[in-house]
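Since the structure comes first, as structure tokens, the remarks are kept for the end.
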Amino acid sequence: MIWKTNINKMTGTKYPLIMGAFAGYGKTEFAALFSNAGGLGVITALNYQIGDFKSELQKMKELTDKPFGINLTVLPPGVRALNVKVSKDDYLKYLEIAINEGVKVFFTSAYQATHLGKRIHEAGCYWIHKCALIRHAISAEKAGADAITLIGMEASGFKNPYQHTTLVNITMTKRLLKVPIIAAGGIGDARGFLGALAMGAEGVCLGSAILTTAESPVPKEMKKKWLEMDILSEDYHKKLYHRDLKATRVLSTAIVHQKEIVPLRDFIENIMDEAGEILKSWGFKENQLDILSI
Ligand SMILES: Cc1cc2nc3c(=O)[nH]c(=O)nc-3n(C[C@H](O)[C@H](O)[C@H](O)COP(=O)(O)O)c2cc1C
């Protein structure tokens, strides 16, 4: 099945699949595998010191000849991540290095990033902003973002107490925005992928689901523990759906679709093959889903 959406047109990838950003785990080697598997691998810039970033991008280009992107997680003033203390100027330094290395797609997330978006556009690149609230998505579109990743409360990662579910986010935002939307939060199988497209997304961000694949840089014991988590327990529910402005302590329910640790490429191929089969079972006869022409 050939997939054509405004998102994979923008990213130049085979599939409209975007790798999530991961503090600690969004590393070059893993991102290269994601790109090689047909999605857009994304390097989380803050996992590297500015001085090491250029050589990581060069390594990336040796590991893949496919498109890839960069995430800049804009921390609110005073917040530190992974012991990397970043100033406003530092973000521009990461950005400059990536522009010089030929990166074409940039993801900003968490906090306002208009100043970065401006520079990304000056360089002729795409700016995609990731946020949790619909009103922030509207602001980011107004500020010029080319696409928005909207994270539902099903997601792992940083939480906003006023977040809606992925379903509400995407269906509502589809009516409110002109730019294409990438759905994030709780997606880890073919039905979730197709559901997101049906709701109005033109791409899907895979977060928790890929952290339990064979090559993710997460320790094997932790992967096993995650896959065995009782997602029906109250304890898990409290950890995932808490209403505090802080990160969750568990992966999202996106992981329940995986029964065992499989290679990332197989995981992605399985989702895309099954999505094609499901479309056929619904009577879809074409060999391509072309949302651009709808
Ligand atoms: C361990 C972990 C670390 C994360 N770190 C970041 C980060 O540094 N920046 C960011 O924008 N999102 C981060 N996220 C969020 C993901 O990029 C993505 O938005 C989220 O995982 C999607 O929801 P899902 O987990 O249900 O697929 C993180 C998620 C996890 C699980």
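Identifiers in this document derive from the order of the structure tokens: chains are assigned A, B, ..., residues are numbered from 1 separately in each chain, and ligands are numbered from 1 in order of occurrence.
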Could you produce a table of the residues of chain A lying within 8 Å of ligand 1, with the nearest pair of atoms per residue and their separation in Å rounded to one decimal, using only C-alpha atoms and all ligand atoms, ordered by chain and increasing residue number, as JSON lines?
```
{"residue": "A:Met19", "atom": "CA", "partner": "ligand 1", "partner_atom_place_in_ligand_line": "17 (O)", "distance": 7.4}
{"residue": "A:Gly20", "atom": "CA", "partner": "ligand 1", "partner_atom_place_in_ligand_line": "17 (O)", "distance": 3.6}
{"residue": "A:Ala21", "atom": "CA", "partner": "ligand 1", "partner_atom_place_in_ligand_line": "17 (O)", "distance": 3.6}
{"residue": "A:Phe22", "atom": "CA", "partner": "ligand 1", "partner_atom_place_in_ligand_line": "5 (N)", "distance": 3.4}
{"residue": "A:Ala23", "atom": "CA", "partner": "ligand 1", "partner_atom_place_in_ligand_line": "8 (O)", "distance": 3.8}
{"residue": "A:Gly24", "atom": "CA", "partner": "ligand 1", "partner_atom_place_in_ligand_line": "3 (C)", "distance": 6.9}
{"residue": "A:Tyr25", "atom": "CA", "partner": "ligand 1", "partner_atom_place_in_ligand_line": "1 (C)", "distance": 6.9}
{"residue": "A:Gly26", "atom": "CA", "partner": "ligand 1", "partner_atom_place_in_ligand_line": "5 (N)", "distance": 7.8}
{"residue": "A:Thr44", "atom": "CA", "partner": "ligand 1", "partner_atom_place_in_ligand_line": "8 (O)", "distance": 6.7}
{"residue": "A:Leu46", "atom": "CA", "partner": "ligand 1", "partner_atom_place_in_ligand_line": "8 (O)", "distance": 7.6}
{"residue": "A:Asn71", "atom": "CA", "partner": "ligand 1", "partner_atom_place_in_ligand_line": "11 (O)", "distance": 7.1}
{"residue": "A:Leu72", "atom": "CA", "partner": "ligand 1", "partner_atom_place_in_ligand_line": "11 (O)", "distance": 7.4}
{"residue": "A:Thr73", "atom": "CA", "partner": "ligand 1", "partner_atom_place_in_ligand_line": "9 (N)", "distance": 5.0}
{"residue": "A:Ala81", "atom": "CA", "partner": "ligand 1", "partner_atom_place_in_ligand_line": "8 (O)", "distance": 7.8}
{"residue": "A:Thr108", "atom": "CA", "partner": "ligand 1", "partner_atom_place_in_ligand_line": "11 (O)", "distance": 7.2}
{"residue": "A:Ser109", "atom": "CA", "partner": "ligand 1", "partner_atom_place_in_ligand_line": "11 (O)", "distance": 4.7}
{"residue": "A:Ala110", "atom": "CA", "partner": "ligand 1", "partner_atom_place_in_ligand_line": "11 (O)", "distance": 5.9}
{"residue": "A:Lys130", "atom": "CA", "partner": "ligand 1", "partner_atom_place_in_ligand_line": "11 (O)", "distance": 6.8}
{"residue": "A:Ile151", "atom": "CA", "partner": "ligand 1", "partner_atom_place_in_ligand_line": "19 (O)", "distance": 6.0}
{"residue": "A:Gly152", "atom": "CA", "partner": "ligand 1", "partner_atom_place_in_ligand_line": "23 (O)", "distance": 7.5}
{"residue": "A:Glu154", "atom": "CA", "partner": "ligand 1", "partner_atom_place_in_ligand_line": "26 (O)", "distance": 5.6}
{"residue": "A:Ala155", "atom": "CA", "partner": "ligand 1", "partner_atom_place_in_ligand_line": "26 (O)", "distance": 3.4}
{"residue": "A:Ser156", "atom": "CA", "partner": "ligand 1", "partner_atom_place_in_ligand_line": "25 (O)", "distance": 4.1}
{"residue": "A:Gly157", "atom": "CA", "partner": "ligand 1", "partner_atom_place_in_ligand_line": "29 (C)", "distance": 3.9}
{"residue": "A:Phe158", "atom": "CA", "partner": "ligand 1", "partner_atom_place_in_ligand_line": "14 (N)", "distance": 6.5}
{"residue": "A:Ala184", "atom": "CA", "partner": "ligand 1", "partner_atom_place_in_ligand_line": "22 (C)", "distance": 4.8}
{"residue": "A:Gly185", "atom": "CA", "partner": "ligand 1", "partner_atom_place_in_ligand_line": "26 (O)", "distance": 3.5}
{"residue": "A:Gly186", "atom": "CA", "partner": "ligand 1", "partner_atom_place_in_ligand_line": "26 (O)", "distance": 3.5}
{"residue": "A:Ile187", "atom": "CA", "partner": "ligand 1", "partner_atom_place_in_ligand_line": "27 (O)", "distance": 5.4}
{"residue": "A:Gly188", "atom": "CA", "partner": "ligand 1", "partner_atom_place_in_ligand_line": "27 (O)", "distance": 6.9}
{"residue": "A:Cys205", "atom": "CA", "partner": "ligand 1", "partner_atom_place_in_ligand_line": "22 (C)", "distance": 6.3}
{"residue": "A:Leu206", "atom": "CA", "partner": "ligand 1", "partner_atom_place_in_ligand_line": "27 (O)", "distance": 4.7}
{"residue": "A:Gly207", "atom": "CA", "partner": "ligand 1", "partner_atom_place_in_ligand_line": "27 (O)", "distance": 3.3}
{"residue": "A:Ser208", "atom": "CA", "partner": "ligand 1", "partner_atom_place_in_ligand_line": "25 (O)", "distance": 3.7}
{"residue": "A:Ala209", "atom": "CA", "partner": "ligand 1", "partner_atom_place_in_ligand_line": "27 (O)", "distance": 5.9}
{"residue": "A:Leu211", "atom": "CA", "partner": "ligand 1", "partner_atom_place_in_ligand_line": "31 (C)", "distance": 7.3}
{"residue": "A:Val250", "atom": "CA", "partner": "ligand 1", "partner_atom_place_in_ligand_line": "31 (C)", "distance": 7.4}
{"residue": "A:Leu251", "atom": "CA", "partner": "ligand 1", "partner_atom_place_in_ligand_line": "31 (C)", "distance": 5.4}
{"residue": "A:Ser252", "atom": "CA", "partner": "ligand 1", "partner_atom_place_in_ligand_line": "26 (O)", "distance": 4.6}
{"residue": "A:Thr253", "atom": "CA", "partner": "ligand 1", "partner_atom_place_in_ligand_line": "26 (O)", "distance": 6.6}
{"residue": "A:Ala254", "atom": "CA", "partner": "ligand 1", "partner_atom_place_in_ligand_line": "26 (O)", "distance": 5.5}
```
Inset, instruction - Apply DSSP to the structure's backbone, then extract all residues of stretch 50-288 of chain A labelled alpha helix (DSSP H) and return them as a PyMOL selection string. - result: chain A and resi 50-63+88-100+114-122+134-142+166-176+190-199+208-211+220-227+234-240+264-281
Legend entry - Which residue of A:Asn6, A:Asn160, A:Thr11, A:Asn270 approaches A:Leu240 most closely, using only C-alpha atoms: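 Smallest distance to A:Leu240 is found for A:Asn160.
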Legend entry - Pick from A:Asp235, A:Glu274, A:Asp244, A:Glu202, whichever lies nearest to A:Asp290 using only C-alpha atoms: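 Comparing A:Asp235, A:Glu274, A:Asp244, A:Glu202 against A:Asp290, the winner is A:Glu202.
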Enumerate as a PDB file with C-alpha atoms, in the first residue's frame all residues of stretch 42-224 of chain A assigned to strand (DSSP E or B) by DSSP on the backbone, naming them with the chain letters and numbers the document uses.
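result.pdb, written as the output of this step:
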```pdb
ATOM      1  CA  VAL A  42      14.018  12.119  14.890  1.00  0.00           C
ATOM      2  CA  ILE A  43      17.108  12.913  16.953  1.00  0.00           C
ATOM      3  CA  THR A  44      16.302  14.589  20.264  1.00  0.00           C
ATOM      4  CA  PHE A  68      15.370  12.501   9.218  1.00  0.00           C
ATOM      5  CA  GLY A  69      14.407  15.287  11.597  1.00  0.00           C
ATOM      6  CA  ILE A  70      15.532  17.026  14.756  1.00  0.00           C
ATOM      7  CA  ASN A  71      13.553  17.703  17.925  1.00  0.00           C
ATOM      8  CA  LEU A  72      14.243  20.752  20.031  1.00  0.00           C
ATOM      9  CA  THR A  73      12.376  20.381  23.301  1.00  0.00           C
ATOM     10  CA  ALA A  81      16.697  18.175  31.252  1.00  0.00           C
ATOM     11  CA  VAL A  84      21.896  19.828  29.915  1.00  0.00           C
ATOM     12  CA  VAL A 105      12.432  19.016   9.132  1.00  0.00           C
ATOM     13  CA  PHE A 106      12.465  20.457  12.645  1.00  0.00           C
ATOM     14  CA  PHE A 107      10.199  19.625  15.548  1.00  0.00           C
ATOM     15  CA  THR A 108       9.913  21.971  18.467  1.00  0.00           C
ATOM     16  CA  SER A 109       7.974  20.942  21.558  1.00  0.00           C
ATOM     17  CA  TYR A 126       9.805  22.841   7.727  1.00  0.00           C
ATOM     18  CA  TRP A 127       8.772  23.726  11.270  1.00  0.00           C
ATOM     19  CA  ILE A 128       6.463  21.309  13.098  1.00  0.00           C
ATOM     20  CA  HIS A 129       5.453  22.215  16.635  1.00  0.00           C
ATOM     21  CA  LYS A 130       4.310  19.615  19.164  1.00  0.00           C
ATOM     22  CA  CYS A 131       1.939  20.634  21.928  1.00  0.00           C
ATOM     23  CA  ALA A 147       2.199  21.328  10.857  1.00  0.00           C
ATOM     24  CA  ILE A 148       1.219  20.508  14.417  1.00  0.00           C
ATOM     25  CA  THR A 149       1.747  17.376  16.462  1.00  0.00           C
ATOM     26  CA  LEU A 150      -0.993  17.250  19.050  1.00  0.00           C
ATOM     27  CA  ILE A 151      -0.511  14.997  22.069  1.00  0.00           C
ATOM     28  CA  PHE A 158       5.157  15.482  29.858  1.00  0.00           C
ATOM     29  CA  ILE A 181      -1.933  17.442  12.050  1.00  0.00           C
ATOM     30  CA  ILE A 182       0.128  14.591  13.447  1.00  0.00           C
ATOM     31  CA  ALA A 183      -1.642  12.545  16.119  1.00  0.00           C
ATOM     32  CA  ALA A 184       0.295  11.524  19.231  1.00  0.00           C
ATOM     33  CA  GLY A 203       0.599  11.476  10.290  1.00  0.00           C
ATOM     34  CA  VAL A 204       1.106   9.526  13.478  1.00  0.00           C
ATOM     35  CA  CYS A 205       3.776   9.981  16.117  1.00  0.00           C
ATOM     36  CA  LEU A 206       5.045   6.743  17.653  1.00  0.00           C
TER      37      LEU A 206
END
```
Inset, instruction - Point out the residue among A:Val262, A:Ser55, A:His136, A:Tyr241 with the least atom-to-atom distance to A:Thr165, counting only C-alpha atoms. - result: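 Looking at the shortest contact to A:Thr165, the residue is A:Tyr241.
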Legend entry - Top pick for closest residue to A:Leu245, considering A:His115, A:Lys159, A:Lys225, A:Arg265 and counting only C-alpha atoms: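 Residue with the minimum atom-to-atom distance to A:Leu245: A:Lys159.
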Legend entry - Between atom CA of A:Glu286 and atom CA of A:Gly195, distance in Å (one decimal): 18.5 Å
Inset, instruction - Using only C-alpha atoms, find the one residue out of A:His237, A:Leu194, A:Asn8, A:Gly41 that sits nearest to A:Trp282. - result: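 Among the listed residues, A:Leu194 lies closest to A:Trp282.
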Inset, instruction - Mind checking which residues fall within 10 Å of A:Leu279, counting only C-alpha atoms, ignoring those fewer than 4 positions away in the same chain, and posting them as an MDAnalysis selection string? - result: chainID A and resid 1 191 194 274:275 283:287 289
Preceding selection exported with all heavy atoms as a PDB file, in the first residue's frame:
```pdb
ATOM      1  N   MET A   1       0.844  -1.199   0.000  1.00  0.00           N
ATOM      2  CA  MET A   1       0.000   0.000   0.000  1.00  0.00           C
ATOM      3  C   MET A   1       0.886   1.258   0.000  1.00  0.00           C
ATOM      4  O   MET A   1       1.843   1.339   0.775  1.00  0.00           O
ATOM      5  CB  MET A   1      -0.893  -0.041   1.250  1.00  0.00           C
ATOM      6  CG  MET A   1      -1.800   1.142   1.440  1.00  0.00           C
ATOM      7  SD  MET A   1      -3.234   1.189   0.366  1.00  0.00           S
ATOM      8  CE  MET A   1      -4.258  -0.090   1.053  1.00  0.00           C
ATOM      9  N   ARG A 191      -4.777  -0.343  13.847  1.00  0.00           N
ATOM     10  CA  ARG A 191      -6.094   0.277  14.038  1.00  0.00           C
ATOM     11  C   ARG A 191      -5.953   1.689  14.609  1.00  0.00           C
ATOM     12  O   ARG A 191      -6.691   2.599  14.222  1.00  0.00           O
ATOM     13  CB  ARG A 191      -6.977  -0.591  14.939  1.00  0.00           C
ATOM     14  CG  ARG A 191      -7.385  -1.857  14.244  1.00  0.00           C
ATOM     15  CD  ARG A 191      -8.366  -2.721  15.006  1.00  0.00           C
ATOM     16  NE  ARG A 191      -8.488  -3.982  14.299  1.00  0.00           N
ATOM     17  CZ  ARG A 191      -9.273  -4.174  13.243  1.00  0.00           C
ATOM     18  NH1 ARG A 191     -10.035  -3.204  12.803  1.00  0.00           N
ATOM     19  NH2 ARG A 191      -9.296  -5.341  12.629  1.00  0.00           N
ATOM     20  N   LEU A 194      -4.842   3.844  11.598  1.00  0.00           N
ATOM     21  CA  LEU A 194      -5.951   4.165  10.685  1.00  0.00           C
ATOM     22  C   LEU A 194      -6.972   5.071  11.366  1.00  0.00           C
ATOM     23  O   LEU A 194      -7.541   5.969  10.747  1.00  0.00           O
ATOM     24  CB  LEU A 194      -6.658   2.886  10.222  1.00  0.00           C
ATOM     25  CG  LEU A 194      -5.924   2.036   9.193  1.00  0.00           C
ATOM     26  CD1 LEU A 194      -6.740   0.782   8.882  1.00  0.00           C
ATOM     27  CD2 LEU A 194      -5.651   2.812   7.910  1.00  0.00           C
ATOM     28  N   GLU A 274      -0.701  -4.480   8.156  1.00  0.00           N
ATOM     29  CA  GLU A 274      -2.020  -4.742   8.722  1.00  0.00           C
ATOM     30  C   GLU A 274      -2.997  -3.610   8.379  1.00  0.00           C
ATOM     31  O   GLU A 274      -4.173  -3.860   8.096  1.00  0.00           O
ATOM     32  CB  GLU A 274      -1.928  -4.932  10.244  1.00  0.00           C
ATOM     33  CG  GLU A 274      -3.160  -5.634  10.795  1.00  0.00           C
ATOM     34  CD  GLU A 274      -3.192  -5.689  12.322  1.00  0.00           C
ATOM     35  OE1 GLU A 274      -2.110  -5.636  12.949  1.00  0.00           O
ATOM     36  OE2 GLU A 274      -4.313  -5.761  12.862  1.00  0.00           O
ATOM     37  N   ALA A 275      -2.480  -2.372   8.384  1.00  0.00           N
ATOM     38  CA  ALA A 275      -3.354  -1.236   8.038  1.00  0.00           C
ATOM     39  C   ALA A 275      -3.885  -1.416   6.615  1.00  0.00           C
ATOM     40  O   ALA A 275      -5.071  -1.189   6.344  1.00  0.00           O
ATOM     41  CB  ALA A 275      -2.599   0.082   8.174  1.00  0.00           C
ATOM     42  N   GLY A 283     -13.317  -3.055   2.109  1.00  0.00           N
ATOM     43  CA  GLY A 283     -13.773  -2.891   0.728  1.00  0.00           C
ATOM     44  C   GLY A 283     -12.956  -1.890  -0.075  1.00  0.00           C
ATOM     45  O   GLY A 283     -13.284  -1.593  -1.225  1.00  0.00           O
ATOM     46  N   PHE A 284     -11.858  -1.405   0.510  1.00  0.00           N
ATOM     47  CA  PHE A 284     -10.994  -0.446  -0.195  1.00  0.00           C
ATOM     48  C   PHE A 284     -10.209  -1.195  -1.266  1.00  0.00           C
ATOM     49  O   PHE A 284      -9.516  -2.171  -0.960  1.00  0.00           O
ATOM     50  CB  PHE A 284     -10.060   0.200   0.831  1.00  0.00           C
ATOM     51  CG  PHE A 284      -9.286   1.368   0.321  1.00  0.00           C
ATOM     52  CD1 PHE A 284      -9.877   2.624   0.225  1.00  0.00           C
ATOM     53  CD2 PHE A 284      -7.960   1.231  -0.065  1.00  0.00           C
ATOM     54  CE1 PHE A 284      -9.157   3.707  -0.257  1.00  0.00           C
ATOM     55  CE2 PHE A 284      -7.230   2.306  -0.531  1.00  0.00           C
ATOM     56  CZ  PHE A 284      -7.837   3.556  -0.626  1.00  0.00           C
ATOM     57  N   LYS A 285     -10.316  -0.757  -2.510  1.00  0.00           N
ATOM     58  CA  LYS A 285      -9.745  -1.579  -3.597  1.00  0.00           C
ATOM     59  C   LYS A 285      -8.422  -1.038  -4.148  1.00  0.00           C
ATOM     60  O   LYS A 285      -7.699  -1.737  -4.837  1.00  0.00           O
ATOM     61  CB  LYS A 285     -10.756  -1.692  -4.736  1.00  0.00           C
ATOM     62  CG  LYS A 285     -12.003  -2.458  -4.302  1.00  0.00           C
ATOM     63  CD  LYS A 285     -12.713  -3.110  -5.464  1.00  0.00           C
ATOM     64  CE  LYS A 285     -13.767  -4.093  -5.017  1.00  0.00           C
ATOM     65  NZ  LYS A 285     -14.669  -3.625  -3.951  1.00  0.00           N
ATOM     66  N   GLU A 286      -8.113   0.211  -3.841  1.00  0.00           N
ATOM     67  CA  GLU A 286      -6.909   0.820  -4.417  1.00  0.00           C
ATOM     68  C   GLU A 286      -5.646   0.262  -3.757  1.00  0.00           C
ATOM     69  O   GLU A 286      -5.685  -0.264  -2.654  1.00  0.00           O
ATOM     70  CB  GLU A 286      -6.918   2.342  -4.201  1.00  0.00           C
ATOM     71  CG  GLU A 286      -8.186   3.053  -4.619  1.00  0.00           C
ATOM     72  CD  GLU A 286      -8.465   2.892  -6.097  1.00  0.00           C
ATOM     73  OE1 GLU A 286      -7.497   2.953  -6.877  1.00  0.00           O
ATOM     74  OE2 GLU A 286      -9.628   2.680  -6.465  1.00  0.00           O
ATOM     75  N   ASN A 287      -4.538   0.492  -4.458  1.00  0.00           N
ATOM     76  CA  ASN A 287      -3.260   0.102  -3.866  1.00  0.00           C
ATOM     77  C   ASN A 287      -2.571   1.287  -3.198  1.00  0.00           C
ATOM     78  O   ASN A 287      -1.430   1.207  -2.769  1.00  0.00           O
ATOM     79  CB  ASN A 287      -2.348  -0.497  -4.946  1.00  0.00           C
ATOM     80  CG  ASN A 287      -1.203  -1.230  -4.300  1.00  0.00           C
ATOM     81  OD1 ASN A 287      -1.356  -1.773  -3.208  1.00  0.00           O
ATOM     82  ND2 ASN A 287      -0.045  -1.200  -4.933  1.00  0.00           N
ATOM     83  N   LEU A 289      -3.427   4.909  -0.592  1.00  0.00           N
ATOM     84  CA  LEU A 289      -4.357   5.800   0.111  1.00  0.00           C
ATOM     85  C   LEU A 289      -3.814   7.206  -0.108  1.00  0.00           C
ATOM     86  O   LEU A 289      -2.761   7.572   0.418  1.00  0.00           O
ATOM     87  CB  LEU A 289      -4.413   5.478   1.602  1.00  0.00           C
ATOM     88  CG  LEU A 289      -5.429   6.342   2.355  1.00  0.00           C
ATOM     89  CD1 LEU A 289      -6.850   5.930   2.005  1.00  0.00           C
ATOM     90  CD2 LEU A 289      -5.236   6.235   3.851  1.00  0.00           C
TER      91      LEU A 289
END
```
Close residues, A:Thr171 itself excluded, 9 Å, only C-alpha atoms, min 6 positions apart in chain, as a short mmCIF file (atom, residue, chain, number, x, y, z; two decimals) with N, CA, C and O atoms, in the first residue's frame:
```cif
data_model
loop_
_atom_site.label_atom_id
_atom_site.label_comp_id
_atom_site.auth_asym_id
_atom_site.auth_seq_id
_atom_site.Cartn_x
_atom_site.Cartn_y
_atom_site.Cartn_z
N ALA A 196 -6.42 7.31 13.60
CA ALA A 196 -5.90 8.68 13.62
C ALA A 196 -6.13 9.36 12.27
O ALA A 196 -6.52 10.52 12.19
N ALA A 198 -8.46 8.59 10.12
CA ALA A 198 -9.90 8.80 9.98
C ALA A 198 -10.35 10.03 10.77
O ALA A 198 -11.24 10.76 10.35
N MET A 199 -9.70 10.27 11.90
CA MET A 199 -10.09 11.43 12.73
C MET A 199 -9.62 12.74 12.13
O MET A 199 -10.07 13.81 12.53
N GLY A 200 -8.68 12.65 11.19
CA GLY A 200 -8.24 13.88 10.53
C GLY A 200 -6.75 14.12 10.56
O GLY A 200 -6.26 15.11 10.01
N ALA A 201 -6.01 13.22 11.21
CA ALA A 201 -4.55 13.38 11.22
C ALA A 201 -3.98 12.95 9.87
O ALA A 201 -4.59 12.15 9.15
#
```
Inset, instruction - Tell me, as a list in words, which residues lie within 10 Å of A:Ala214, counting only C-alpha atoms; anything in the same chain fewer than 5 positions away does not count. - result: Pro219, Lys220, Lys223, Glu260, Ile261, Val262, Pro263, Leu264, Arg265, Asp266 and Phe267 of chain A
Legend entry - A:Asp52 surroundings by only C-alpha atoms, 12 Å radius, close-in-sequence under 3 positions cut, as a list in words: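 These residues fall inside the cut-off: Thr28, Ala45, Leu46, Asn47, Tyr48, Gln49, Ser55, Glu56, Leu57, Gln58, Lys59, Lys93, Tyr94, Ile97 and Ala98 of chain A.
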Inset, instruction - Could you check how far atom CA of A:Leu167 sits from atom CA of A:Gln112, in Å to one decimal? - result: 24.0 Å
Legend entry - Near-A:Trp226 list (9 Å; only C-alpha atoms; drop same-chain fewer than 2 positions) as a list in words: Thr212, Glu221, Met222, Lys223, Lys224, Glu228, Met229, Asp230, Val250, Leu251 and Ile255 of chain A
Filtering to N, CA and C atoms, could you give me those residues as a PDB file, in the first residue's frame?
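result-v3.pdb was written with the following content:
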```pdb
ATOM      1  N   THR A 212       9.873  -0.197  23.286  1.00  0.00           N
ATOM      2  CA  THR A 212       9.995  -1.600  23.685  1.00  0.00           C
ATOM      3  C   THR A 212      10.441  -2.484  22.517  1.00  0.00           C
ATOM      4  N   GLU A 221      15.955  -5.347  30.477  1.00  0.00           N
ATOM      5  CA  GLU A 221      15.141  -5.696  31.649  1.00  0.00           C
ATOM      6  C   GLU A 221      13.965  -4.733  31.801  1.00  0.00           C
ATOM      7  N   MET A 222      14.242  -3.454  31.498  1.00  0.00           N
ATOM      8  CA  MET A 222      13.178  -2.447  31.618  1.00  0.00           C
ATOM      9  C   MET A 222      12.102  -2.680  30.557  1.00  0.00           C
ATOM     10  N   LYS A 223      12.551  -3.048  29.352  1.00  0.00           N
ATOM     11  CA  LYS A 223      11.573  -3.327  28.281  1.00  0.00           C
ATOM     12  C   LYS A 223      10.631  -4.446  28.708  1.00  0.00           C
ATOM     13  N   LYS A 224      11.233  -5.506  29.266  1.00  0.00           N
ATOM     14  CA  LYS A 224      10.421  -6.660  29.699  1.00  0.00           C
ATOM     15  C   LYS A 224       9.427  -6.229  30.753  1.00  0.00           C
ATOM     16  N   GLU A 228       5.282  -6.243  30.564  1.00  0.00           N
ATOM     17  CA  GLU A 228       4.478  -7.050  31.498  1.00  0.00           C
ATOM     18  C   GLU A 228       3.588  -6.201  32.394  1.00  0.00           C
ATOM     19  N   MET A 229       3.623  -4.894  32.206  1.00  0.00           N
ATOM     20  CA  MET A 229       2.849  -3.994  33.074  1.00  0.00           C
ATOM     21  C   MET A 229       1.357  -4.289  33.004  1.00  0.00           C
ATOM     22  N   ASP A 230       0.704  -4.217  34.163  1.00  0.00           N
ATOM     23  CA  ASP A 230      -0.740  -4.444  34.193  1.00  0.00           C
ATOM     24  C   ASP A 230      -1.433  -3.106  33.930  1.00  0.00           C
ATOM     25  N   VAL A 250       5.266   6.115  33.551  1.00  0.00           N
ATOM     26  CA  VAL A 250       5.064   4.845  32.833  1.00  0.00           C
ATOM     27  C   VAL A 250       4.928   5.116  31.336  1.00  0.00           C
ATOM     28  N   LEU A 251       5.130   4.062  30.546  1.00  0.00           N
ATOM     29  CA  LEU A 251       4.854   4.202  29.112  1.00  0.00           C
ATOM     30  C   LEU A 251       3.353   4.169  28.908  1.00  0.00           C
ATOM     31  N   ILE A 255       1.866   0.337  24.281  1.00  0.00           N
ATOM     32  CA  ILE A 255       2.729  -0.854  24.321  1.00  0.00           C
ATOM     33  C   ILE A 255       1.951  -2.170  24.394  1.00  0.00           C
TER      34      ILE A 255
END
```
Inset, instruction - Identify which of the residues A:His164, A:Leu33, A:Ile2, A:Gly38 lies closest to A:Gly276, counting only C-alpha atoms when measuring atom-to-atom distances. - result: A:Ile2
Legend entry - Atom pair atom CA of A:Gly124 / atom CA of A:Pro16: separation (Å):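 Rounded to one decimal, the two atoms are 21.1 Å apart.
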